>>> print(open('structure07.pdb').read())   # PDB, C-alpha atoms
ATOM      1  CA  MET A 261     -60.708  33.746 -29.950  1.00  0.00           C
ATOM      2  CA  SER A 262     -62.815  33.048 -26.856  1.00  0.00           C
ATOM      3  CA  CYS A 263     -63.791  29.573 -25.739  1.00  0.00           C
ATOM      4  CA  GLY A 264     -67.423  30.194 -26.768  1.00  0.00           C
ATOM      5  CA  ALA A 265     -66.457  31.358 -30.243  1.00  0.00           C
ATOM      6  CA  SER A 266     -64.102  28.410 -30.723  1.00  0.00           C
ATOM      7  CA  CYS A 267     -66.816  26.024 -29.631  1.00  0.00           C
ATOM      8  CA  ALA A 268     -69.383  27.582 -31.999  1.00  0.00           C
ATOM      9  CA  ARG A 269     -66.835  27.501 -34.836  1.00  0.00           C
ATOM     10  CA  LEU A 270     -66.059  23.792 -34.360  1.00  0.00           C
ATOM     11  CA  LEU A 271     -69.739  22.917 -34.013  1.00  0.00           C
ATOM     12  CA  LEU A 272     -70.561  24.834 -37.207  1.00  0.00           C
ATOM     13  CA  ILE A 273     -67.825  22.995 -39.122  1.00  0.00           C
ATOM     14  CA  ALA A 274     -69.089  19.657 -37.793  1.00  0.00           C
ATOM     15  CA  PHE A 275     -72.658  20.629 -38.625  1.00  0.00           C
ATOM     16  CA  ASN A 276     -71.725  21.504 -42.204  1.00  0.00           C
ATOM     17  CA  PHE A 277     -70.229  18.069 -42.680  1.00  0.00           C
ATOM     18  CA  ILE A 278     -73.609  16.594 -41.720  1.00  0.00           C
ATOM     19  CA  PHE A 279     -75.295  19.204 -43.925  1.00  0.00           C
ATOM     20  CA  TRP A 280     -73.213  18.036 -46.884  1.00  0.00           C
ATOM     21  CA  LEU A 281     -74.243  14.450 -46.170  1.00  0.00           C
ATOM     22  CA  SER A 282     -77.883  15.543 -46.213  1.00  0.00           C
ATOM     23  CA  GLY A 283     -77.226  17.100 -49.620  1.00  0.00           C
ATOM     24  CA  VAL A 284     -75.928  13.725 -50.808  1.00  0.00           C
ATOM     25  CA  ALA A 285     -79.108  12.114 -49.452  1.00  0.00           C
ATOM     26  CA  ILE A 286     -81.306  14.570 -51.350  1.00  0.00           C
ATOM     27  CA  LEU A 287     -79.307  14.053 -54.543  1.00  0.00           C
ATOM     28  CA  GLY A 288     -79.643  10.301 -54.038  1.00  0.00           C
ATOM     29  CA  VAL A 289     -83.424  10.475 -53.608  1.00  0.00           C
ATOM     30  CA  GLY A 290     -83.778  12.590 -56.762  1.00  0.00           C
ATOM     31  CA  ILE A 291     -81.604  10.256 -58.823  1.00  0.00           C
ATOM     32  CA  TRP A 292     -83.400   7.216 -57.350  1.00  0.00           C
ATOM     33  CA  ILE A 293     -86.791   8.569 -58.489  1.00  0.00           C
ATOM     34  CA  LEU A 294     -85.474   9.050 -62.042  1.00  0.00           C
ATOM     35  CA  ALA A 295     -83.418   5.870 -62.304  1.00  0.00           C
ATOM     36  CA  ASP A 296     -85.321   3.125 -60.449  1.00  0.00           C
ATOM     37  CA  PRO A 297     -87.040   1.006 -63.142  1.00  0.00           C
ATOM     38  CA  ASN A 298     -89.630  -0.154 -60.597  1.00  0.00           C
ATOM     39  CA  LEU A 299     -90.862   3.438 -60.259  1.00  0.00           C
ATOM     40  CA  GLN A 300     -91.036   4.354 -63.935  1.00  0.00           C
ATOM     41  CA  ASP A 301     -94.375   2.663 -64.651  1.00  0.00           C
ATOM     42  CA  TYR A 302     -95.965   4.472 -61.731  1.00  0.00           C
ATOM     43  CA  ILE A 303     -94.414   7.792 -62.761  1.00  0.00           C
ATOM     44  CA  ASP A 304     -95.689   7.314 -66.332  1.00  0.00           C
ATOM     45  CA  VAL A 305     -99.191   6.689 -64.974  1.00  0.00           C
ATOM     46  CA  ILE A 306     -99.214   9.389 -62.290  1.00  0.00           C
ATOM     47  CA  HIS A 307     -99.220  12.553 -64.329  1.00  0.00           C
ATOM     48  CA  THR A 308    -102.024  15.072 -64.673  1.00  0.00           C
ATOM     49  CA  SER A 309    -102.690  17.707 -67.297  1.00  0.00           C
ATOM     50  CA  ASP A 310     -99.534  16.612 -69.119  1.00  0.00           C
ATOM     51  CA  GLN A 311     -97.408  17.737 -66.154  1.00  0.00           C
ATOM     52  CA  GLU A 312     -94.627  15.424 -65.016  1.00  0.00           C
ATOM     53  CA  TYR A 313     -94.917  16.267 -61.324  1.00  0.00           C
ATOM     54  CA  PHE A 314     -92.836  13.373 -60.047  1.00  0.00           C
ATOM     55  CA  ARG A 315     -90.033  13.884 -62.544  1.00  0.00           C
ATOM     56  CA  ASN A 316     -90.079  17.631 -61.912  1.00  0.00           C
ATOM     57  CA  ALA A 317     -89.905  16.926 -58.179  1.00  0.00           C
ATOM     58  CA  ALA A 318     -86.871  14.694 -58.802  1.00  0.00           C
ATOM     59  CA  TYR A 319     -85.113  17.455 -60.768  1.00  0.00           C
ATOM     60  CA  ILE A 320     -85.898  19.934 -57.980  1.00  0.00           C
ATOM     61  CA  LEU A 321     -84.430  17.549 -55.406  1.00  0.00           C
ATOM     62  CA  ILE A 322     -81.245  17.152 -57.444  1.00  0.00           C
ATOM     63  CA  ALA A 323     -80.899  20.925 -57.834  1.00  0.00           C
ATOM     64  CA  PHE A 324     -81.701  21.431 -54.147  1.00  0.00           C
ATOM     65  CA  GLY A 325     -79.059  18.888 -53.132  1.00  0.00           C
ATOM     66  CA  ALA A 326     -76.454  20.668 -55.238  1.00  0.00           C
ATOM     67  CA  PHE A 327     -77.500  24.001 -53.727  1.00  0.00           C
ATOM     68  CA  ILE A 328     -76.986  22.587 -50.220  1.00  0.00           C
ATOM     69  CA  PHE A 329     -73.384  21.808 -51.176  1.00  0.00           C
ATOM     70  CA  LEU A 330     -72.831  25.461 -52.068  1.00  0.00           C
ATOM     71  CA  VAL A 331     -74.539  26.730 -48.917  1.00  0.00           C
ATOM     72  CA  GLY A 332     -72.567  24.312 -46.767  1.00  0.00           C
ATOM     73  CA  PHE A 333     -69.347  25.387 -48.474  1.00  0.00           C
ATOM     74  CA  ALA A 334     -70.074  29.040 -47.655  1.00  0.00           C
ATOM     75  CA  GLY A 335     -70.789  28.160 -44.023  1.00  0.00           C
ATOM     76  CA  CYS A 336     -67.685  26.011 -43.673  1.00  0.00           C
ATOM     77  CA  CYS A 337     -65.431  28.650 -45.236  1.00  0.00           C
ATOM     78  CA  GLY A 338     -67.011  31.327 -43.072  1.00  0.00           C
ATOM     79  CA  ALA A 339     -66.379  29.271 -39.933  1.00  0.00           C
ATOM     80  CA  ILE A 340     -62.775  28.404 -40.849  1.00  0.00           C
ATOM     81  CA  ARG A 341     -61.856  31.951 -41.916  1.00  0.00           C
ATOM     82  CA  ASN A 342     -63.992  33.655 -39.271  1.00  0.00           C
ATOM     83  CA  SER A 343     -65.581  35.647 -42.100  1.00  0.00           C
ATOM     84  CA  LYS A 344     -68.729  37.478 -41.099  1.00  0.00           C
ATOM     85  CA  CYS A 345     -69.477  38.132 -44.774  1.00  0.00           C
ATOM     86  CA  LEU A 346     -69.571  34.431 -45.662  1.00  0.00           C
ATOM     87  CA  LEU A 347     -71.444  33.629 -42.480  1.00  0.00           C
ATOM     88  CA  GLY A 348     -73.963  36.322 -43.403  1.00  0.00           C
ATOM     89  CA  PHE A 349     -74.501  34.740 -46.833  1.00  0.00           C
ATOM     90  CA  TYR A 350     -74.800  31.358 -45.146  1.00  0.00           C
ATOM     91  CA  ILE A 351     -77.472  32.590 -42.706  1.00  0.00           C
ATOM     92  CA  PHE A 352     -79.341  34.378 -45.506  1.00  0.00           C
ATOM     93  CA  PHE A 353     -79.479  31.301 -47.756  1.00  0.00           C
ATOM     94  CA  LEU A 354     -80.521  29.041 -44.883  1.00  0.00           C
ATOM     95  CA  ILE A 355     -83.424  31.373 -44.113  1.00  0.00           C
ATOM     96  CA  ILE A 356     -84.422  31.487 -47.798  1.00  0.00           C
ATOM     97  CA  VAL A 357     -84.383  27.688 -48.099  1.00  0.00           C
ATOM     98  CA  PHE A 358     -86.295  27.249 -44.835  1.00  0.00           C
ATOM     99  CA  ALA A 359     -88.921  29.789 -45.959  1.00  0.00           C
ATOM    100  CA  GLY A 360     -89.260  27.981 -49.295  1.00  0.00           C
ATOM    101  CA  GLU A 361     -89.789  24.641 -47.590  1.00  0.00           C
ATOM    102  CA  LEU A 362     -92.375  26.155 -45.251  1.00  0.00           C
ATOM    103  CA  ALA A 363     -94.213  27.814 -48.155  1.00  0.00           C
ATOM    104  CA  ALA A 364     -94.234  24.566 -50.155  1.00  0.00           C
ATOM    105  CA  GLY A 365     -95.713  22.676 -47.204  1.00  0.00           C
ATOM    106  CA  ILE A 366     -98.415  25.307 -46.637  1.00  0.00           C
ATOM    107  CA  LEU A 367     -99.345  25.455 -50.344  1.00  0.00           C
ATOM    108  CA  ALA A 368     -99.554  21.652 -50.531  1.00  0.00           C
ATOM    109  CA  ALA A 369    -101.937  21.638 -47.551  1.00  0.00           C
ATOM    110  CA  ILE A 370    -104.083  24.486 -48.935  1.00  0.00           C
ATOM    111  CA  TYR A 371    -104.408  23.079 -52.448  1.00  0.00           C
ATOM    112  CA  GLN A 372    -104.656  19.414 -51.451  1.00  0.00           C
ATOM    113  CA  ASP A 373    -108.287  19.080 -52.621  1.00  0.00           C
ATOM    114  CA  GLU A 374    -107.515  20.701 -55.988  1.00  0.00           C
ATOM    115  CA  ILE A 375    -104.506  18.443 -56.446  1.00  0.00           C
ATOM    116  CA  ILE A 376    -106.620  15.337 -55.786  1.00  0.00           C
ATOM    117  CA  LYS A 377    -109.334  16.603 -58.170  1.00  0.00           C
ATOM    118  CA  GLU A 378    -106.790  17.202 -60.914  1.00  0.00           C
ATOM    119  CA  PHE A 379    -105.295  13.796 -60.122  1.00  0.00           C
ATOM    120  CA  ASP A 380    -108.722  12.166 -60.680  1.00  0.00           C
ATOM    121  CA  GLU A 381    -109.201  13.935 -64.007  1.00  0.00           C
ATOM    122  CA  GLY A 382    -105.650  13.132 -65.051  1.00  0.00           C
ATOM    123  CA  LEU A 383    -106.069   9.399 -64.427  1.00  0.00           C
ATOM    124  CA  THR A 384    -109.325   9.279 -66.386  1.00  0.00           C
ATOM    125  CA  ASN A 385    -107.812  11.201 -69.318  1.00  0.00           C
ATOM    126  CA  SER A 386    -104.721   9.015 -69.197  1.00  0.00           C
ATOM    127  CA  ILE A 387    -106.890   5.927 -69.700  1.00  0.00           C
ATOM    128  CA  ARG A 388    -109.204   7.404 -72.317  1.00  0.00           C
ATOM    129  CA  LYS A 389    -106.593   9.224 -74.394  1.00  0.00           C
ATOM    130  CA  ASP A 390    -103.191   7.700 -73.637  1.00  0.00           C
ATOM    131  CA  TYR A 391    -103.714   4.035 -72.744  1.00  0.00           C
ATOM    132  CA  LYS A 392    -103.256   2.932 -76.322  1.00  0.00           C
ATOM    133  CA  ASP A 393     -99.765   4.485 -76.372  1.00  0.00           C
ATOM    134  CA  ASN A 394     -98.940   3.914 -72.694  1.00  0.00           C
ATOM    135  CA  ALA A 395    -100.347   0.416 -72.213  1.00  0.00           C
ATOM    136  CA  GLY A 396     -97.151  -1.063 -70.787  1.00  0.00           C
ATOM    137  CA  ALA A 397     -97.083   1.258 -67.768  1.00  0.00           C
ATOM    138  CA  TRP A 398    -100.817   0.947 -67.052  1.00  0.00           C
ATOM    139  CA  ASP A 399    -100.734  -2.841 -67.456  1.00  0.00           C
ATOM    140  CA  ALA A 400     -97.867  -3.152 -64.981  1.00  0.00           C
ATOM    141  CA  VAL A 401     -99.640  -0.917 -62.427  1.00  0.00           C
ATOM    142  CA  GLN A 402    -103.011  -2.674 -62.806  1.00  0.00           C
ATOM    143  CA  LYS A 403    -101.447  -6.107 -62.369  1.00  0.00           C
ATOM    144  CA  GLU A 404     -99.386  -5.114 -59.346  1.00  0.00           C
ATOM    145  CA  LEU A 405    -102.104  -3.135 -57.570  1.00  0.00           C
ATOM    146  CA  LYS A 406    -104.933  -5.475 -58.662  1.00  0.00           C
ATOM    147  CA  CYS A 407    -107.142  -2.716 -60.000  1.00  0.00           C
ATOM    148  CA  CYS A 408    -108.668  -1.572 -63.271  1.00  0.00           C
ATOM    149  CA  GLY A 409    -108.824   1.918 -64.746  1.00  0.00           C
ATOM    150  CA  GLY A 410    -108.294   5.222 -62.989  1.00  0.00           C
ATOM    151  CA  ILE A 411    -111.496   5.947 -61.074  1.00  0.00           C
ATOM    152  CA  ASN A 412    -112.970   2.561 -62.081  1.00  0.00           C
ATOM    153  CA  TYR A 413    -113.026   0.147 -64.998  1.00  0.00           C
ATOM    154  CA  MET A 414    -115.601   2.277 -66.849  1.00  0.00           C
ATOM    155  CA  ASP A 415    -112.811   4.721 -67.689  1.00  0.00           C
ATOM    156  CA  TYR A 416    -112.161   2.447 -70.671  1.00  0.00           C
ATOM    157  CA  ASP A 417    -115.577   3.320 -72.123  1.00  0.00           C
ATOM    158  CA  ASN A 418    -115.230   5.674 -75.100  1.00  0.00           C
ATOM    159  CA  SER A 419    -111.433   5.447 -74.895  1.00  0.00           C
ATOM    160  CA  THR A 420    -109.168   5.430 -77.941  1.00  0.00           C
ATOM    161  CA  TRP A 421    -108.124   1.907 -76.912  1.00  0.00           C
ATOM    162  CA  MET A 422    -111.726   0.630 -76.979  1.00  0.00           C
ATOM    163  CA  ALA A 423    -112.411   2.362 -80.302  1.00  0.00           C
ATOM    164  CA  ALA A 424    -109.502   0.409 -81.803  1.00  0.00           C
ATOM    165  CA  GLN A 425    -110.885  -2.977 -80.691  1.00  0.00           C
ATOM    166  CA  VAL A 426    -112.238  -5.176 -83.491  1.00  0.00           C
ATOM    167  CA  ASP A 427    -114.252  -7.251 -81.015  1.00  0.00           C
ATOM    168  CA  GLN A 428    -116.766  -4.852 -79.474  1.00  0.00           C
ATOM    169  CA  ALA A 429    -117.412  -7.313 -76.643  1.00  0.00           C
ATOM    170  CA  ILE A 430    -114.020  -6.414 -75.150  1.00  0.00           C
ATOM    171  CA  LYS A 431    -114.506  -3.888 -72.353  1.00  0.00           C
ATOM    172  CA  VAL A 432    -111.257  -4.030 -70.367  1.00  0.00           C
ATOM    173  CA  PRO A 433    -107.650  -5.121 -71.105  1.00  0.00           C
ATOM    174  CA  LYS A 434    -106.222  -8.418 -69.865  1.00  0.00           C
ATOM    175  CA  SER A 435    -104.173  -6.624 -67.223  1.00  0.00           C
ATOM    176  CA  CYS A 436    -107.468  -6.126 -65.339  1.00  0.00           C
ATOM    177  CA  CYS A 437    -108.029  -9.883 -65.112  1.00  0.00           C
ATOM    178  CA  ILE A 438    -108.037 -11.782 -61.822  1.00  0.00           C
ATOM    179  CA  LEU A 439    -105.163 -14.266 -61.977  1.00  0.00           C
ATOM    180  CA  ASN A 440    -105.055 -17.892 -60.903  1.00  0.00           C
ATOM    181  CA  ASP A 441    -102.249 -19.675 -59.052  1.00  0.00           C
ATOM    182  CA  SER A 442    -100.311 -19.965 -62.326  1.00  0.00           C
ATOM    183  CA  ASN A 443    -100.422 -16.167 -62.716  1.00  0.00           C
ATOM    184  CA  GLU A 444    -102.750 -16.487 -65.692  1.00  0.00           C
ATOM    185  CA  PRO A 445    -106.248 -14.980 -66.138  1.00  0.00           C
ATOM    186  CA  THR A 446    -108.887 -17.294 -64.676  1.00  0.00           C
ATOM    187  CA  ASN A 447    -111.079 -16.733 -67.738  1.00  0.00           C
ATOM    188  CA  PRO A 448    -109.706 -14.242 -70.290  1.00  0.00           C
ATOM    189  CA  THR A 449    -112.914 -14.065 -72.338  1.00  0.00           C
ATOM    190  CA  GLN A 450    -115.179 -13.385 -69.376  1.00  0.00           C
ATOM    191  CA  CYS A 451    -112.632 -10.955 -67.967  1.00  0.00           C
ATOM    192  CA  GLU A 452    -112.300  -8.877 -71.127  1.00  0.00           C
ATOM    193  CA  SER A 453    -116.090  -8.791 -71.352  1.00  0.00           C
ATOM    194  CA  ALA A 454    -116.146  -7.252 -67.856  1.00  0.00           C
ATOM    195  CA  VAL A 455    -118.039 -10.122 -66.224  1.00  0.00           C
ATOM    196  CA  THR A 456    -118.096  -9.781 -62.427  1.00  0.00           C
ATOM    197  CA  ASP A 457    -115.703 -12.024 -60.434  1.00  0.00           C
ATOM    198  CA  PHE A 458    -113.341 -12.393 -63.404  1.00  0.00           C
ATOM    199  CA  PHE A 459    -111.737  -8.934 -63.331  1.00  0.00           C
ATOM    200  CA  TYR A 460    -110.826  -6.219 -60.829  1.00  0.00           C
ATOM    201  CA  GLU A 461    -113.726  -3.784 -60.735  1.00  0.00           C
ATOM    202  CA  THR A 462    -112.200  -1.176 -58.440  1.00  0.00           C
ATOM    203  CA  GLY A 463    -110.133   1.639 -59.930  1.00  0.00           C
ATOM    204  CA  CYS A 464    -106.475   2.326 -59.246  1.00  0.00           C
ATOM    205  CA  LYS A 465    -106.945   5.851 -57.841  1.00  0.00           C
ATOM    206  CA  ASP A 466    -107.052   5.033 -54.124  1.00  0.00           C
ATOM    207  CA  LYS A 467    -104.231   2.504 -54.390  1.00  0.00           C
ATOM    208  CA  LEU A 468    -102.103   4.944 -56.380  1.00  0.00           C
ATOM    209  CA  ILE A 469    -102.715   7.639 -53.762  1.00  0.00           C
ATOM    210  CA  ASP A 470    -101.649   5.166 -51.058  1.00  0.00           C
ATOM    211  CA  TRP A 471     -98.538   4.358 -53.118  1.00  0.00           C
ATOM    212  CA  VAL A 472     -97.714   8.062 -53.439  1.00  0.00           C
ATOM    213  CA  LYS A 473     -98.217   8.585 -49.697  1.00  0.00           C
ATOM    214  CA  ASP A 474     -95.972   5.623 -48.852  1.00  0.00           C
ATOM    215  CA  HIS A 475     -93.182   6.955 -51.056  1.00  0.00           C
ATOM    216  CA  SER A 476     -93.766  10.523 -49.897  1.00  0.00           C
ATOM    217  CA  ILE A 477     -92.751   9.449 -46.394  1.00  0.00           C
ATOM    218  CA  ILE A 478     -89.160   9.338 -47.676  1.00  0.00           C
ATOM    219  CA  LEU A 479     -89.421  12.892 -49.015  1.00  0.00           C
ATOM    220  CA  ILE A 480     -91.141  14.139 -45.854  1.00  0.00           C
ATOM    221  CA  GLY A 481     -88.490  12.485 -43.679  1.00  0.00           C
ATOM    222  CA  VAL A 482     -85.685  14.052 -45.703  1.00  0.00           C
ATOM    223  CA  GLY A 483     -87.429  17.440 -45.584  1.00  0.00           C
ATOM    224  CA  CYS A 484     -87.934  17.324 -41.805  1.00  0.00           C
ATOM    225  CA  GLY A 485     -84.319  16.272 -41.307  1.00  0.00           C
ATOM    226  CA  ILE A 486     -83.071  19.129 -43.470  1.00  0.00           C
ATOM    227  CA  ALA A 487     -85.308  21.627 -41.641  1.00  0.00           C
ATOM    228  CA  ALA A 488     -83.944  20.487 -38.273  1.00  0.00           C
ATOM    229  CA  LEU A 489     -80.374  20.775 -39.560  1.00  0.00           C
ATOM    230  CA  GLN A 490     -81.072  24.266 -40.879  1.00  0.00           C
ATOM    231  CA  ILE A 491     -82.313  25.457 -37.481  1.00  0.00           C
ATOM    232  CA  ILE A 492     -79.206  24.030 -35.800  1.00  0.00           C
ATOM    233  CA  GLY A 493     -76.983  25.626 -38.426  1.00  0.00           C
ATOM    234  CA  LEU A 494     -78.670  29.004 -37.968  1.00  0.00           C
ATOM    235  CA  VAL A 495     -78.121  28.858 -34.208  1.00  0.00           C
ATOM    236  CA  PHE A 496     -74.416  27.976 -34.566  1.00  0.00           C
ATOM    237  CA  ALA A 497     -73.812  30.596 -37.283  1.00  0.00           C
ATOM    238  CA  ILE A 498     -75.551  33.366 -35.321  1.00  0.00           C
ATOM    239  CA  CYS A 499     -73.636  32.423 -32.147  1.00  0.00           C
ATOM    240  CA  LEU A 500     -70.338  32.561 -34.047  1.00  0.00           C
ATOM    241  CA  CYS A 501     -71.215  35.946 -35.615  1.00  0.00           C
ATOM    242  CA  ARG A 502     -72.080  37.380 -32.202  1.00  0.00           C
ATOM    243  CA  SER A 503     -68.857  36.053 -30.736  1.00  0.00           C
ATOM    244  CA  LEU A 504     -66.861  37.672 -33.563  1.00  0.00           C
ATOM    245  CA  ASN A 505     -68.660  40.967 -32.918  1.00  0.00           C
ATOM    246  CA  GLU A 506     -67.901  40.803 -29.188  1.00  0.00           C
ATOM    247  CA  GLU A 507     -64.219  40.144 -29.883  1.00  0.00           C
ATOM    248  CA  LYS A 508     -64.094  43.054 -32.302  1.00  0.00           C
ATOM    249  CA  TYR A 509     -65.226  45.452 -29.616  1.00  0.00           C
TER     250      TYR A 509
END
>>> encode(input="structure07.pdb", output="structure tokens")
Amino acid sequence: MSCGASCARLLLIAFNFIFWLSGVAILGVGIWILADPNLQDYIDVIHTSDQEYFRNAAYILIAFGAFIFLVGFAGCCGAIRNSKCLLGFYIFFLIIVFAGELAAGILAAIYQDEIIKEFDEGLTNSIRKDYKDNAGAWDAVQKELKCCGGINYMDYDNSTWMAAQVDQAIKVPKSCCILNDSNEPTNPTQCESAVTDFFYETGCKDKLIDWVKDHSIILIGVGCGIAALQIIGLVFAICLCRSLNEEKY
């Protein structure tokens, strides 16, 4: 084996070790999304049209991480055994994964406005139809983000929660109340009656979008890192295949 081929082979083996580590990172992010109790309230709130986008994304990440293990195994075996067949599979799967990532990014950019629109409708429906059964998650989010309702506090109008209230003067839940230094509502009665300065009038939509963006940075960072690794892996694998071809002839 020539010096160039040996160098490409060693670099590809080293690269696959890093590639495996990236698979562990992706698995970890997926499991973290599903297991972190601090995220569950937000995940329960952020769903639109009955679709569990965040949980589905976590399952995709876990499956993707496992797939990277298999791809990395093929590349490592191909490099160790100098197998053009395995290296060919490795290159093919890397291209498929890279194309999928690129397509997902383009689709997210194209349909961004529709996603936000559906997000708005989903938050409003979540308050009006589901708050009664999902009060714990919404209460936790409203207290932490200091907001009330999805678009605004009027989302509670005509909701199943409001219809169940015996006191018709109650307009918003206590989780919308402005708290004092003792972490108690400054005036629960005025707050629940939606009197200005005693409750948070702004909705949670913008703050939830900011929360999603902040946490998406982790996913974007992982995705960019994986894309960079894939390009490096493609270069090493192609160089090794060419070297094997040159040696054959």
>>> residues_around(input="structure07.pdb", residues="segment 489-491 of chain A", least_positions_apart="6", cutoff="8 Å", atoms="all atoms listed in the file", output="list in words")
Phe275, Phe279, Leu354 and Phe358 of chain A
>>> resolve_selection(input="structure07.pdb", expression="the PyMOL selection byres ((chain A and resi 321) around 10)", output="PyMOL selection string")
chain A and resi 283+285-291+293+315-320+322-327+479
>>> closest_residue(input="structure07.pdb", among="A:Ile273, A:Cys337, A:Leu468, A:Leu330", to="Leu383 of chain A", atoms="all atoms listed in the file")
A:Leu468
>>> closest_residue(input="structure07.pdb", among="A:Tyr391, A:Trp398, A:Phe459, A:Phe352", to="Ser419 of chain A", atoms="all atoms listed in the file")
A:Tyr391
>>> resolve_selection(input="structure07.pdb", expression="the PyMOL selection byres ((chain A and resi 348) around 12)", output="NGL selection string")
:A and (331 or 334-335 or 337-339 or 342-347 or 349-355 or 494 or 497-502)
>>> residues_around(input="structure07.pdb", residues="Phe458 of chain A", least_positions_apart="2", cutoff="9 Å", atoms="only C-alpha atoms", output="NGL selection string")
:A and (436-439 or 445-448 or 450-452 or 454-456 or 460)
>>> resolve_selection(input="structure07.pdb", expression="the PyMOL selection byres ((chain A and resi 396) around 12)", output="PyMOL selection string")
chain A and resi 300-302+304-305+390-395+397-403+433-435
>>> closest_residue(input="structure07.pdb", among="A:Cys464, A:Ile340, A:Val284, A:Ala295", to="Ile387 of chain A", atoms="only C-alpha atoms")
A:Cys464
>>> closest_residue(input="structure07.pdb", among="A:Leu281, A:Ala423, A:Leu405, A:Asn443", to="Asp470 of chain A", atoms="all atoms listed in the file")
A:Leu405
>>> decode(input="structure07.pdb", residues="segment 487-492 of chain A", atoms="all heavy atoms", output="tab-separated table (two decimals), in the first residue's frame")
chain	number	residue	atom	x	y	z
A	487	ALA	N	-22.54	17.65	9.63
A	487	ALA	CA	-22.36	17.93	8.19
A	487	ALA	C	-20.88	18.11	7.86
A	487	ALA	O	-20.40	17.61	6.84
A	487	ALA	CB	-23.15	19.19	7.82
A	488	ALA	N	-20.16	18.83	8.72
A	488	ALA	CA	-18.72	19.03	8.49
A	488	ALA	C	-17.98	17.70	8.54
A	488	ALA	O	-17.10	17.42	7.71
A	488	ALA	CB	-18.16	20.00	9.53
A	489	LEU	N	-18.34	16.86	9.50
A	489	LEU	CA	-17.70	15.54	9.61
A	489	LEU	C	-18.00	14.69	8.38
A	489	LEU	O	-17.13	13.94	7.90
A	489	LEU	CB	-18.19	14.83	10.87
A	489	LEU	CG	-17.64	15.36	12.21
A	489	LEU	CD1	-18.32	14.65	13.38
A	489	LEU	CD2	-16.13	15.16	12.29
A	490	GLN	N	-19.21	14.79	7.87
A	490	GLN	CA	-19.58	14.00	6.69
A	490	GLN	C	-18.74	14.39	5.48
A	490	GLN	O	-18.31	13.53	4.71
A	490	GLN	CB	-21.06	14.18	6.39
A	490	GLN	CG	-21.97	13.48	7.39
A	490	GLN	CD	-23.41	13.91	7.25
A	490	GLN	OE1	-23.70	14.90	6.60
A	490	GLN	NE2	-24.31	13.17	7.86
A	491	ILE	N	-18.53	15.69	5.30
A	491	ILE	CA	-17.71	16.16	4.17
A	491	ILE	C	-16.29	15.64	4.29
A	491	ILE	O	-15.69	15.14	3.32
A	491	ILE	CB	-17.73	17.70	4.10
A	491	ILE	CG1	-19.15	18.19	3.74
A	491	ILE	CG2	-16.73	18.21	3.06
A	491	ILE	CD1	-19.32	19.68	3.83
A	492	ILE	N	-15.74	15.70	5.52
A	492	ILE	CA	-14.38	15.20	5.74
A	492	ILE	C	-14.32	13.70	5.47
A	492	ILE	O	-13.40	13.19	4.83
A	492	ILE	CB	-13.93	15.51	7.18
A	492	ILE	CG1	-13.83	17.02	7.39
A	492	ILE	CG2	-12.57	14.86	7.48
A	492	ILE	CD1	-13.60	17.42	8.83
